[in-house]
Each structure stands twice: as C-alpha cells, then as structure tokens.
$ cat work00.txt   # compact mmCIF, C-alpha atoms
# COMPACT_ATOMS: atom_id res chain seq x y z
CA MET A 117 -16.70 -0.56 -3.10
CA PRO A 118 -15.42 -2.10 -6.34
CA GLU A 119 -17.95 -3.09 -8.98
CA ALA A 120 -17.08 -6.79 -8.56
CA VAL A 121 -14.06 -8.23 -6.82
CA GLY A 122 -12.07 -10.57 -9.04
CA GLU A 123 -10.83 -14.02 -8.15
CA GLU A 124 -7.07 -14.23 -7.61
CA GLN A 125 -6.40 -10.92 -9.33
CA THR A 126 -4.15 -8.19 -7.99
CA GLY A 127 -5.37 -4.63 -8.37
CA ILE A 128 -2.35 -2.34 -8.69
CA VAL A 129 -2.92 1.32 -7.93
CA ILE A 130 -0.37 3.86 -9.16
CA VAL A 131 -0.85 7.55 -8.39
CA ALA A 132 0.75 9.97 -10.84
CA ALA A 133 1.35 13.70 -10.52
CA ASP A 134 3.72 15.01 -13.20
CA SER A 135 5.76 11.88 -12.58
CA GLY A 136 7.78 12.04 -15.80
CA PRO A 137 8.88 9.18 -18.08
CA LEU A 138 9.53 6.86 -15.14
CA LEU A 139 5.77 6.34 -14.97
CA ARG A 140 5.80 4.66 -18.40
CA ALA A 141 8.72 2.46 -17.36
CA CYS A 142 6.95 1.50 -14.13
CA VAL A 143 3.73 0.48 -15.89
CA ALA A 144 5.63 -1.47 -18.56
CA SER A 145 7.58 -3.40 -15.92
CA VAL A 146 4.37 -4.37 -14.10
CA LEU A 147 2.56 -5.38 -17.29
CA ALA A 148 5.43 -7.79 -17.98
CA GLU A 149 4.15 -9.92 -15.08
CA SER A 150 2.40 -13.16 -16.03
CA ALA A 151 0.16 -13.21 -12.94
CA PRO A 152 -3.45 -11.99 -13.27
CA LEU A 153 -3.52 -8.25 -12.66
CA GLU A 154 -5.04 -4.93 -13.48
CA ILE A 155 -3.46 -1.50 -13.16
CA VAL A 156 -5.40 1.60 -12.22
CA VAL A 157 -3.35 4.74 -12.80
CA VAL A 158 -4.94 7.65 -10.96
CA ASP A 159 -3.61 10.91 -12.35
CA ASN A 160 -3.64 13.98 -10.12
CA ALA A 161 -3.98 16.64 -12.83
CA SER A 162 -0.60 16.11 -14.51
CA ASN A 163 0.54 18.54 -17.19
CA ASP A 164 3.71 16.80 -18.38
CA GLY A 165 2.08 14.87 -21.23
CA GLU A 166 3.11 11.50 -19.83
CA ILE A 167 -0.43 10.28 -19.21
CA GLU A 168 -1.34 10.79 -22.85
CA GLN A 169 1.76 8.91 -23.96
CA LEU A 170 1.04 6.10 -21.51
CA ALA A 171 -2.51 5.74 -22.82
CA ALA A 172 -1.30 5.65 -26.43
CA LEU A 173 1.35 3.01 -25.68
CA HIS A 174 -1.11 0.59 -24.07
CA VAL A 175 -4.34 1.42 -25.88
CA ASP A 176 -4.97 -2.26 -26.64
CA ASP A 177 -4.14 -3.63 -23.17
CA ALA A 178 -7.33 -4.04 -21.16
CA ARG A 179 -5.31 -4.56 -17.98
CA LEU A 180 -4.55 -0.82 -17.80
CA ARG A 181 -7.12 1.75 -16.76
CA ILE A 182 -6.35 5.46 -16.47
CA VAL A 183 -8.45 7.77 -14.30
CA ARG A 184 -7.85 11.51 -14.54
CA ASN A 185 -8.65 13.89 -11.68
CA ASP A 186 -9.38 17.54 -12.45
CA ALA A 187 -7.24 18.61 -9.49
CA ASN A 188 -4.47 17.19 -7.33
CA LEU A 189 -6.43 15.32 -4.68
CA GLY A 190 -3.37 14.16 -2.79
CA PHE A 191 -1.88 10.69 -2.52
CA GLY A 192 -4.27 9.04 -0.06
CA PRO A 193 -7.51 10.18 -1.71
CA ALA A 194 -6.19 9.12 -5.12
CA CYS A 195 -5.22 5.70 -3.73
CA ASN A 196 -8.68 5.26 -2.26
CA ARG A 197 -10.27 6.16 -5.60
CA GLY A 198 -8.08 3.68 -7.44
CA ALA A 199 -8.84 0.94 -4.93
CA ALA A 200 -12.58 1.55 -5.27
CA LEU A 201 -12.34 1.18 -9.05
CA SER A 202 -10.15 -1.92 -8.91
CA ARG A 203 -11.61 -5.43 -9.00
CA GLY A 204 -8.67 -7.19 -7.36
CA ASP A 205 -9.09 -9.28 -4.24
CA VAL A 206 -5.59 -8.07 -3.28
CA LEU A 207 -4.39 -4.47 -3.67
CA LEU A 208 -0.88 -3.24 -4.40
CA PHE A 209 -0.04 0.45 -4.00
CA LEU A 210 3.04 1.26 -6.04
CA ASN A 211 4.88 4.54 -6.57
CA PRO A 212 5.17 5.67 -10.20
CA ASP A 213 8.97 5.80 -10.03
CA CYS A 214 9.37 2.12 -9.16
CA GLU A 215 10.75 -0.54 -11.48
CA TRP A 216 9.04 -3.90 -10.96
CA ARG A 217 10.74 -7.30 -11.05
CA ALA A 218 9.01 -10.20 -12.75
CA GLY A 219 7.69 -12.81 -10.34
CA THR A 220 7.45 -10.43 -7.37
CA LEU A 221 3.66 -10.20 -7.56
CA SER A 222 3.11 -13.92 -7.11
CA ALA A 223 5.77 -14.07 -4.41
CA MET A 224 4.10 -11.30 -2.41
CA ARG A 225 0.69 -12.92 -2.74
CA GLY A 226 2.26 -16.16 -1.56
CA VAL A 227 3.39 -14.45 1.65
CA LEU A 228 -0.16 -13.21 2.29
CA ASP A 229 -1.64 -16.62 1.53
CA ARG A 230 0.66 -18.34 4.01
CA ASP A 231 -0.25 -16.06 6.93
CA PRO A 232 -3.79 -14.67 7.22
CA ARG A 233 -2.65 -12.51 10.14
CA ILE A 234 -0.86 -10.17 7.72
CA GLY A 235 -2.88 -7.09 6.84
CA LEU A 236 -0.13 -5.16 5.08
CA LEU A 237 3.06 -6.37 3.40
CA GLY A 238 6.12 -4.40 2.34
CA ILE A 239 9.28 -5.53 0.57
CA ALA A 240 12.87 -4.33 0.29
CA VAL A 241 12.94 -1.01 -1.54
CA THR A 242 16.31 -0.15 -3.06
CA ASP A 243 17.66 2.81 -5.01
CA PRO A 244 18.85 2.36 -8.63
CA ASP A 245 22.31 1.43 -7.31
CA GLY A 246 20.87 -1.39 -5.22
CA MET A 247 21.28 0.34 -1.86
CA PRO A 248 18.43 0.02 0.69
CA ALA A 249 16.20 3.07 0.75
CA ARG A 250 15.14 4.84 3.91
CA GLY A 251 11.91 3.71 5.49
CA ASN A 252 12.01 0.04 4.53
CA ARG A 253 11.48 -1.05 8.11
CA ARG A 254 10.37 1.55 10.61
CA ARG A 255 9.10 2.01 14.12
CA ASP A 256 6.19 4.30 14.90
CA PRO A 257 7.51 7.90 14.72
CA THR A 258 6.76 8.93 18.28
CA LEU A 259 8.16 12.22 19.58
CA ARG A 260 10.74 10.40 21.66
CA ARG A 261 11.98 8.30 18.75
CA ALA A 262 12.03 11.28 16.41
CA LEU A 263 14.16 13.26 18.86
CA LEU A 264 16.56 10.33 19.26
CA THR A 265 16.89 10.14 15.49
CA LEU A 266 17.37 13.88 14.99
CA SER A 267 19.91 14.10 17.79
CA GLY A 268 21.95 11.20 16.45
CA LEU A 269 21.63 9.26 19.68
CA SER A 270 19.79 6.49 17.83
CA ARG A 271 23.15 5.51 16.31
CA LEU A 272 24.03 4.06 19.72
CA ALA A 273 20.97 1.79 19.74
CA SER A 274 23.01 -1.31 18.88
CA ARG A 275 24.65 -0.93 22.29
CA TRP A 276 21.71 0.61 24.16
CA PRO A 277 18.38 -0.47 22.57
CA VAL A 278 16.50 2.10 24.66
CA LEU A 279 17.94 4.73 22.29
CA ALA A 280 16.34 3.22 19.17
CA GLY A 281 14.94 5.79 16.75
CA VAL A 282 12.41 5.56 13.94
CA GLU A 283 14.56 3.76 11.36
CA MET A 284 15.39 0.11 11.89
CA PRO A 285 18.75 -1.28 10.73
CA PRO A 286 18.85 -3.14 7.38
CA ALA A 287 17.44 -6.63 7.47
CA SER A 288 19.89 -9.50 7.55
CA ALA A 289 20.58 -11.26 4.26
CA SER A 290 19.20 -14.49 5.70
CA GLY A 291 15.94 -12.91 6.79
CA ASP A 292 12.62 -13.78 5.17
CA VAL A 293 9.38 -12.36 6.55
CA GLU A 294 9.29 -10.42 9.81
CA PHE A 295 6.70 -8.39 11.63
CA VAL A 296 7.50 -4.69 12.00
CA GLU A 297 5.62 -1.53 12.94
CA ALA A 298 5.76 0.15 9.53
CA VAL A 299 7.12 -0.35 6.01
CA SER A 300 7.80 1.87 3.00
CA GLY A 301 4.79 3.38 1.29
CA ALA A 302 6.54 3.03 -2.09
CA CYS A 303 5.27 -0.55 -2.34
CA MET A 304 2.55 -1.97 -0.10
CA MET A 305 0.32 -4.99 -0.67
CA LEU A 306 -2.89 -5.57 1.27
CA PRO A 307 -5.78 -8.01 1.11
CA ARG A 308 -8.78 -5.94 0.04
CA ALA A 309 -10.69 -7.10 3.11
CA ALA A 310 -7.98 -5.67 5.39
CA PHE A 311 -7.87 -2.39 3.47
CA GLU A 312 -11.63 -1.97 3.74
CA ARG A 313 -11.62 -3.06 7.37
CA VAL A 314 -9.56 -0.02 8.37
CA GLY A 315 -11.30 2.36 5.97
CA GLY A 316 -8.45 2.80 3.50
CA PHE A 317 -6.07 5.75 3.62
CA ASP A 318 -6.83 8.69 5.90
CA GLU A 319 -7.64 11.39 3.34
CA ALA A 320 -6.75 14.21 5.73
CA TYR A 321 -3.11 13.62 4.77
CA PHE A 322 -2.17 15.16 1.44
CA LEU A 323 1.26 13.67 0.84
CA HIS A 324 3.65 11.76 3.13
CA VAL A 325 3.02 10.04 6.49
CA GLU A 326 -0.27 8.49 5.31
CA ASP A 327 1.61 5.21 4.88
CA LEU A 328 2.74 5.28 8.51
CA ASP A 329 -0.83 6.07 9.53
CA LEU A 330 -2.17 3.11 7.54
CA CYS A 331 0.37 0.74 9.10
CA ARG A 332 -0.54 1.96 12.58
CA ARG A 333 -4.29 1.54 12.03
CA MET A 334 -3.74 -1.91 10.55
CA ARG A 335 -1.97 -2.98 13.73
CA ASP A 336 -4.60 -1.31 15.91
CA ALA A 337 -7.19 -3.43 14.07
CA GLY A 338 -5.40 -6.58 15.21
CA LEU A 339 -3.60 -7.34 11.95
CA ARG A 340 0.13 -7.60 11.31
CA VAL A 341 2.44 -5.41 9.25
CA ALA A 342 5.10 -7.57 7.63
CA HIS A 343 8.29 -7.04 5.64
CA ALA A 344 9.69 -9.57 3.15
CA SER A 345 13.38 -8.72 2.85
CA ARG A 346 14.10 -11.24 0.08
CA LEU A 347 11.77 -9.50 -2.36
CA HIS A 348 12.93 -6.27 -3.98
CA VAL A 349 11.66 -3.29 -5.95
CA THR A 350 13.79 -0.46 -7.34
CA HIS A 351 12.67 3.05 -6.44
CA ALA A 352 14.01 6.22 -8.09
CA GLN A 353 12.71 8.32 -5.22
CA GLY A 354 11.07 11.69 -5.71
CA SER A 355 10.23 11.87 -9.42
CA SER A 356 6.95 13.66 -8.72
CA SER A 357 8.32 16.01 -6.08
CA ARG A 358 11.58 17.35 -7.51
CA SER A 359 9.86 20.21 -9.33
CA ARG A 360 8.00 21.42 -6.20
CA PRO A 361 10.16 20.67 -3.16
CA VAL A 362 8.72 23.40 -0.90
CA PHE A 363 5.16 22.23 -1.54
CA VAL A 364 6.12 18.63 -0.76
CA ALA A 365 8.04 19.62 2.40
CA ARG A 366 5.06 21.59 3.66
CA ALA A 367 2.75 18.63 3.07
CA LYS A 368 5.18 16.34 4.89
CA HIS A 369 5.31 18.60 7.94
CA ARG A 370 1.51 18.83 8.00
CA GLY A 371 1.37 15.04 7.88
CA MET A 372 3.80 14.72 10.76
CA TRP A 373 1.67 17.09 12.82
CA ARG A 374 -1.49 15.10 12.10
CA TYR A 375 0.16 11.79 12.98
CA PHE A 376 1.50 13.24 16.24
CA ASN A 377 -1.98 14.41 17.25
CA LYS A 378 -3.66 11.14 16.33
CA PHE A 379 -1.31 8.62 17.88
CA ASP A 380 1.40 10.04 20.15
CA PRO A 381 0.57 10.07 23.88
CA ALA A 382 2.81 13.16 24.18
CA ALA A 383 0.16 15.14 22.28
CA ARG A 384 -2.09 15.03 25.34
CA ASN A 385 0.25 17.48 27.07
CA PRO A 386 -0.64 21.05 25.95
CA LEU A 387 2.89 22.33 26.53
CA LEU A 388 4.46 19.52 24.49
CA ARG A 389 1.89 20.09 21.75
CA ALA A 390 2.89 23.73 21.52
CA ILE A 391 6.60 22.89 21.51
CA VAL A 392 6.17 20.27 18.79
CA TRP A 393 4.08 22.61 16.63
CA CYS A 394 6.67 25.38 16.91
CA GLY A 395 9.53 22.95 16.30
CA LEU A 396 7.92 21.43 13.20
CA TRP A 397 7.21 24.74 11.51
CA ALA A 398 10.53 26.25 12.53
CA HIS A 399 12.17 23.26 10.85
CA PHE A 400 10.09 23.85 7.72
CA ALA A 401 10.90 27.57 7.71
CA ALA A 402 14.61 26.77 7.94
CA GLN A 403 14.37 24.25 5.08
CA ALA A 404 12.18 26.21 2.70
CA PRO A 405 14.70 28.76 1.28
CA LEU A 406 17.25 26.07 0.40
CA LEU A 407 14.57 23.83 -1.07
CA ALA A 408 13.23 26.70 -3.15
CA LEU A 409 16.73 27.45 -4.46
CA ARG A 410 17.33 23.82 -5.36
CA GLY A 411 13.99 23.66 -7.15
CA ALA A 412 14.78 26.78 -9.15
CA LEU A 413 18.21 25.50 -10.15
CA ARG A 414 16.78 22.14 -11.13
CA GLY A 415 14.14 23.86 -13.24
CA ARG A 416 16.80 25.78 -15.14
CA ARG A 417 18.63 22.56 -15.96
CA GLN A 418 15.55 20.90 -17.42
CA PRO A 419 15.54 20.74 -21.24
CA ARG A 420 13.02 23.03 -22.90

$ encode --input "work00.txt" --output "structure tokens"
Amino acid sequence: MPEAVGEEQTGIVIVAADSGPLLRACVASVLAESAPLEIVVVDNASNDGEIEQLAALHVDDARLRIVRNDANLGFGPACNRGAALSRGDVLLFLNPDCEWRAGTLSAMRGVLDRDPRIGLLGIAVTDPDGMPARGNRRRDPTLRRALLTLSGLSRLASRWPVLAGVEMPPASASGDVEFVEAVSGACMMLPRAAFERVGGFDEAYFLHVEDLDLCRRMRDAGLRVAHASRLHVTHAQGSSSRSRPVFVARAKHRGMWRYFNKFDPAARNPLLRAIVWCGLWAHFAAQAPLLALRGALRGRRQPR
C-alpha cells in the first residue's frame, strides 16, 4: 500500500532496464505536463549510466523519484513496487521509450472520471513515424485466435468474422472511447482502487504478456478495459530489449505459456497442452539463432 494516497494526483510508474537515452526524453516529456503528478522510475539493475544522468538532470524536481533494484526483477514486479511507492489516486504505467504529449494526462483522467466502469484505459500507441503500433486493441490470445493469426486466416475476418485473430483492425478516425478485451501495455492508466482490487500485476511473468493478463483479470473482476483512440503516445519500441533479444524472446514464450494455462479452456486437454508446449518452444528454438545473430551485429555497431 502507498504511504498516503494523494488527491487528484497521477502516479506514473516507469520501469527501466538499460533503456538508453530515450528514458531521459520520456521523463522530460512527462514532467512538461501541468497536471499534478509524480514519477517513480524503478530501475532493474541498469548498467548503462542513464539512471545516474537522469537523477543529475532532475535533482531539484521533487516530482521524480528513482528506485534502484539490485537485480532485474522483471517488469510486473517492478511495476508493483513502483505502484506501492506512489501516492497517486490514479496510476499510469508507461514504457521508458515513450514520448509523452502535453495534455494527455488530464484527458485520460477525464475518460476515467466520466465512466466509473472503466478499470483500465489504453490509448493509441504509434511508432515515431505516426503509424499505429501492434497491440493497440487486442482480443484475448486464445489458442484458436493465435492459430488464426499465425496461419494468416485472420486476414479474412472482415468477410468472415469467425476467423478473427488476436489483433483488432485500427480504430476509425471518428472513434472515441470503446470497450475492448486488451490494450497495449506501453501505456495503461488505472484507478488505484481497480489496480489493488485485482492484486496488481501477476509477478510470475517476467517480461511480456503480463499486460494481457492484467486486462483479462480486470474484466473478470467486472470492470471494463477501454481504448481512447483520439489520444496518442509515441513509442520507440524495444529500447530495453535490443541488446538481449534471445533473453526477451524466451521470457515472452514463457509468458505465453503461463497465460495459456491460466485462461485458455484448451489447456484443460492434456494432449492440446502437450502440443502447445512443444509448439511454443519449437518456435523459440527456431527464432533464437537469428535473434542471437541480430543481437551480435547490433552490438558491433554500437559506439564504444
């Protein structure tokens, strides 16, 4: 529990793990907001020197608090730690490679204030070129939907909705707030009461899929997951993971396996469980050599 929850103050939790200079840009863009806020940066044992530079840049700004972990706890545990230290009545979980837009904080809080049924709110996440990122609006990643997506059959969903996969099509330009099954974990706002009601992030996930899990548990608790398509945040995806792609891919596959076992009715069938387990790790084994090569080449290109 936080020491004392603040009135009308947003607690922004940013988890860093060798996130590079984009972390400083992210924090600066959020601190430019005029709305009452505090930022808790939870650092998962970074060694890139960025945390020290961040602290020096904002040494006189009481709105920023930096918490350093001795080891990489994973994304969910670090988010939970940041939330517990925050005093905001509303929480915003923001990736360290996001660039914030002034006024978005108040606009997001306004959406929550207008509809108490909303337990979790996402917004339109775009890449630096303004293109919608993957995962903005998603359906639960059941085995059936995942297979439709992987096979390409989900591309026919506009004609045959029964073939819909995990990803939903981009929201219409005229859209405002809609209820969906899941949103992007790059930027999620929740009333603190809703976050505590579901017990925060499931700490058994290390990295990836914990956002889908949180959305699912929020809906299971009787609250809504919403997406505000008119609000935007820019996300330079993967700043913390580019230097260790195999590690990240392994964590993602472990997360997919956990989600499948927790929520997918297909997991009750022992044969399907075995097939899914073999398929997941065969997919990882096929990916790993190429990912390792890309990581090595990227490391050679980094300035020394």

$ closest_residue --input "work00.txt" --among "A:Asp245, A:Glu326, A:Glu297, A:Glu154" --to "Trp373 in chain A" --atoms "only C-alpha atoms"
A:Glu326

$ closest_atom_pairs --input "work00.txt" --of "range 164-259 of chain A" --to "range 379-385 of chain A" --cutoff "12 Å" --atoms "all atoms listed in the file" --output "CSV"
residue,atom,partner,partner_atom,distance
A:Asp256,CA,A:Asp380,CA,9.1
A:Pro257,CA,A:Asp380,CA,8.4
A:Thr258,CA,A:Asp380,CA,5.8
A:Leu259,CA,A:Ala382,CA,7.1

$ atom_distance --input "work00.txt" --atom1 "CA of Arg254 in chain A" --atom2 "CA of Ala273 in chain A"
14.0 Å

$ residues_near_point --input "work00.txt" --point "(15.2, -6.2, -9.8)" --cutoff "12 Å" --atoms "only C-alpha atoms" --output "PDB file with C-alpha atoms, in the coordinates of the input"
ATOM      1  CA  SER A 145       7.580  -3.400 -15.920  1.00  0.00           C
ATOM      2  CA  VAL A 146       4.370  -4.370 -14.100  1.00  0.00           C
ATOM      3  CA  CYS A 214       9.370   2.120  -9.160  1.00  0.00           C
ATOM      4  CA  GLU A 215      10.750  -0.540 -11.480  1.00  0.00           C
ATOM      5  CA  TRP A 216       9.040  -3.900 -10.960  1.00  0.00           C
ATOM      6  CA  ARG A 217      10.740  -7.300 -11.050  1.00  0.00           C
ATOM      7  CA  ALA A 218       9.010 -10.200 -12.750  1.00  0.00           C
ATOM      8  CA  GLY A 219       7.690 -12.810 -10.340  1.00  0.00           C
ATOM      9  CA  THR A 220       7.450 -10.430  -7.370  1.00  0.00           C
ATOM     10  CA  ILE A 239       9.280  -5.530   0.570  1.00  0.00           C
ATOM     11  CA  ALA A 240      12.870  -4.330   0.290  1.00  0.00           C
ATOM     12  CA  VAL A 241      12.940  -1.010  -1.540  1.00  0.00           C
ATOM     13  CA  THR A 242      16.310  -0.150  -3.060  1.00  0.00           C
ATOM     14  CA  ASP A 243      17.660   2.810  -5.010  1.00  0.00           C
ATOM     15  CA  PRO A 244      18.850   2.360  -8.630  1.00  0.00           C
ATOM     16  CA  ASP A 245      22.310   1.430  -7.310  1.00  0.00           C
ATOM     17  CA  GLY A 246      20.870  -1.390  -5.220  1.00  0.00           C
ATOM     18  CA  MET A 247      21.280   0.340  -1.860  1.00  0.00           C
ATOM     19  CA  ARG A 346      14.100 -11.240   0.080  1.00  0.00           C
ATOM     20  CA  LEU A 347      11.770  -9.500  -2.360  1.00  0.00           C
ATOM     21  CA  HIS A 348      12.930  -6.270  -3.980  1.00  0.00           C
ATOM     22  CA  VAL A 349      11.660  -3.290  -5.950  1.00  0.00           C
ATOM     23  CA  THR A 350      13.790  -0.460  -7.340  1.00  0.00           C
ATOM     24  CA  HIS A 351      12.670   3.050  -6.440  1.00  0.00           C
TER      25      HIS A 351
END

$ atom_distance --input "work00.txt" --atom1 "CA of Pro212 in chain A" --atom2 "CA of Glu319 in chain A"
19.5 Å

$ atom_distance --input "work00.txt" --atom1 "CA of Cys142 in chain A" --atom2 "CA of Thr126 in chain A"
16.0 Å

$ residues_around --input "work00.txt" --residues "range 232-237 of chain A" --least-positions-apart "3" --cutoff "12 Å" --atoms "all atoms listed in the file" --output "PyMOL selection string"
chain A and resi 206-209+221+223-229+240+252-253+293-314+316+327-328+330-345+347

$ closest_residue --input "work00.txt" --among "A:Asp176, A:Glu149, A:Glu283, A:Asp159" --to "Cys195 in chain A" --atoms "all atoms listed in the file"
A:Asp159

$ axis_aligned_box --input "work00.txt" --around "range 206-214 of chain A" --padding-each-side "8 Å" --output "lines of an AutoDock Vina configuration file"
center_x = 1.9
center_y = -1.1
center_z = -6.7
size_x = 31.0
size_y = 29.9
size_z = 22.9

$ closest_residue --input "work00.txt" --among "A:Val129, A:Ala187, A:Met372, A:Val143" --to "Arg203 in chain A" --atoms "all atoms listed in the file"
A:Val129

$ closest_residue --input "work00.txt" --among "A:Leu173, A:Val362, A:Leu272, A:Val158" --to "Asn196 in chain A" --atoms "only C-alpha atoms"
A:Val158

$ closest_residue --input "work00.txt" --among "A:Val282, A:Ile128, A:Ala249, A:Ala171" --to "Leu264 in chain A" --atoms "only C-alpha atoms"
A:Val282

$ closest_residue --input "work00.txt" --among "A:Leu388, A:Trp397, A:Asp177, A:Lys378" --to "Ala148 in chain A" --atoms "all atoms listed in the file"
A:Asp177

$ residues_around --input "work00.txt" --residues "Trp393 in chain A" --least-positions-apart "6" --cutoff "10 Å" --atoms "only C-alpha atoms" --output "JSON, numbers by chain"
{"A": [369, 370, 372, 373, 376, 387, 399]}

$ residues_around --input "work00.txt" --residues "Ala161 in chain A" --least-positions-apart "6" --cutoff "9 Å" --atoms "all atoms listed in the file" --output "PyMOL selection string"
chain A and resi 132-134+184-189
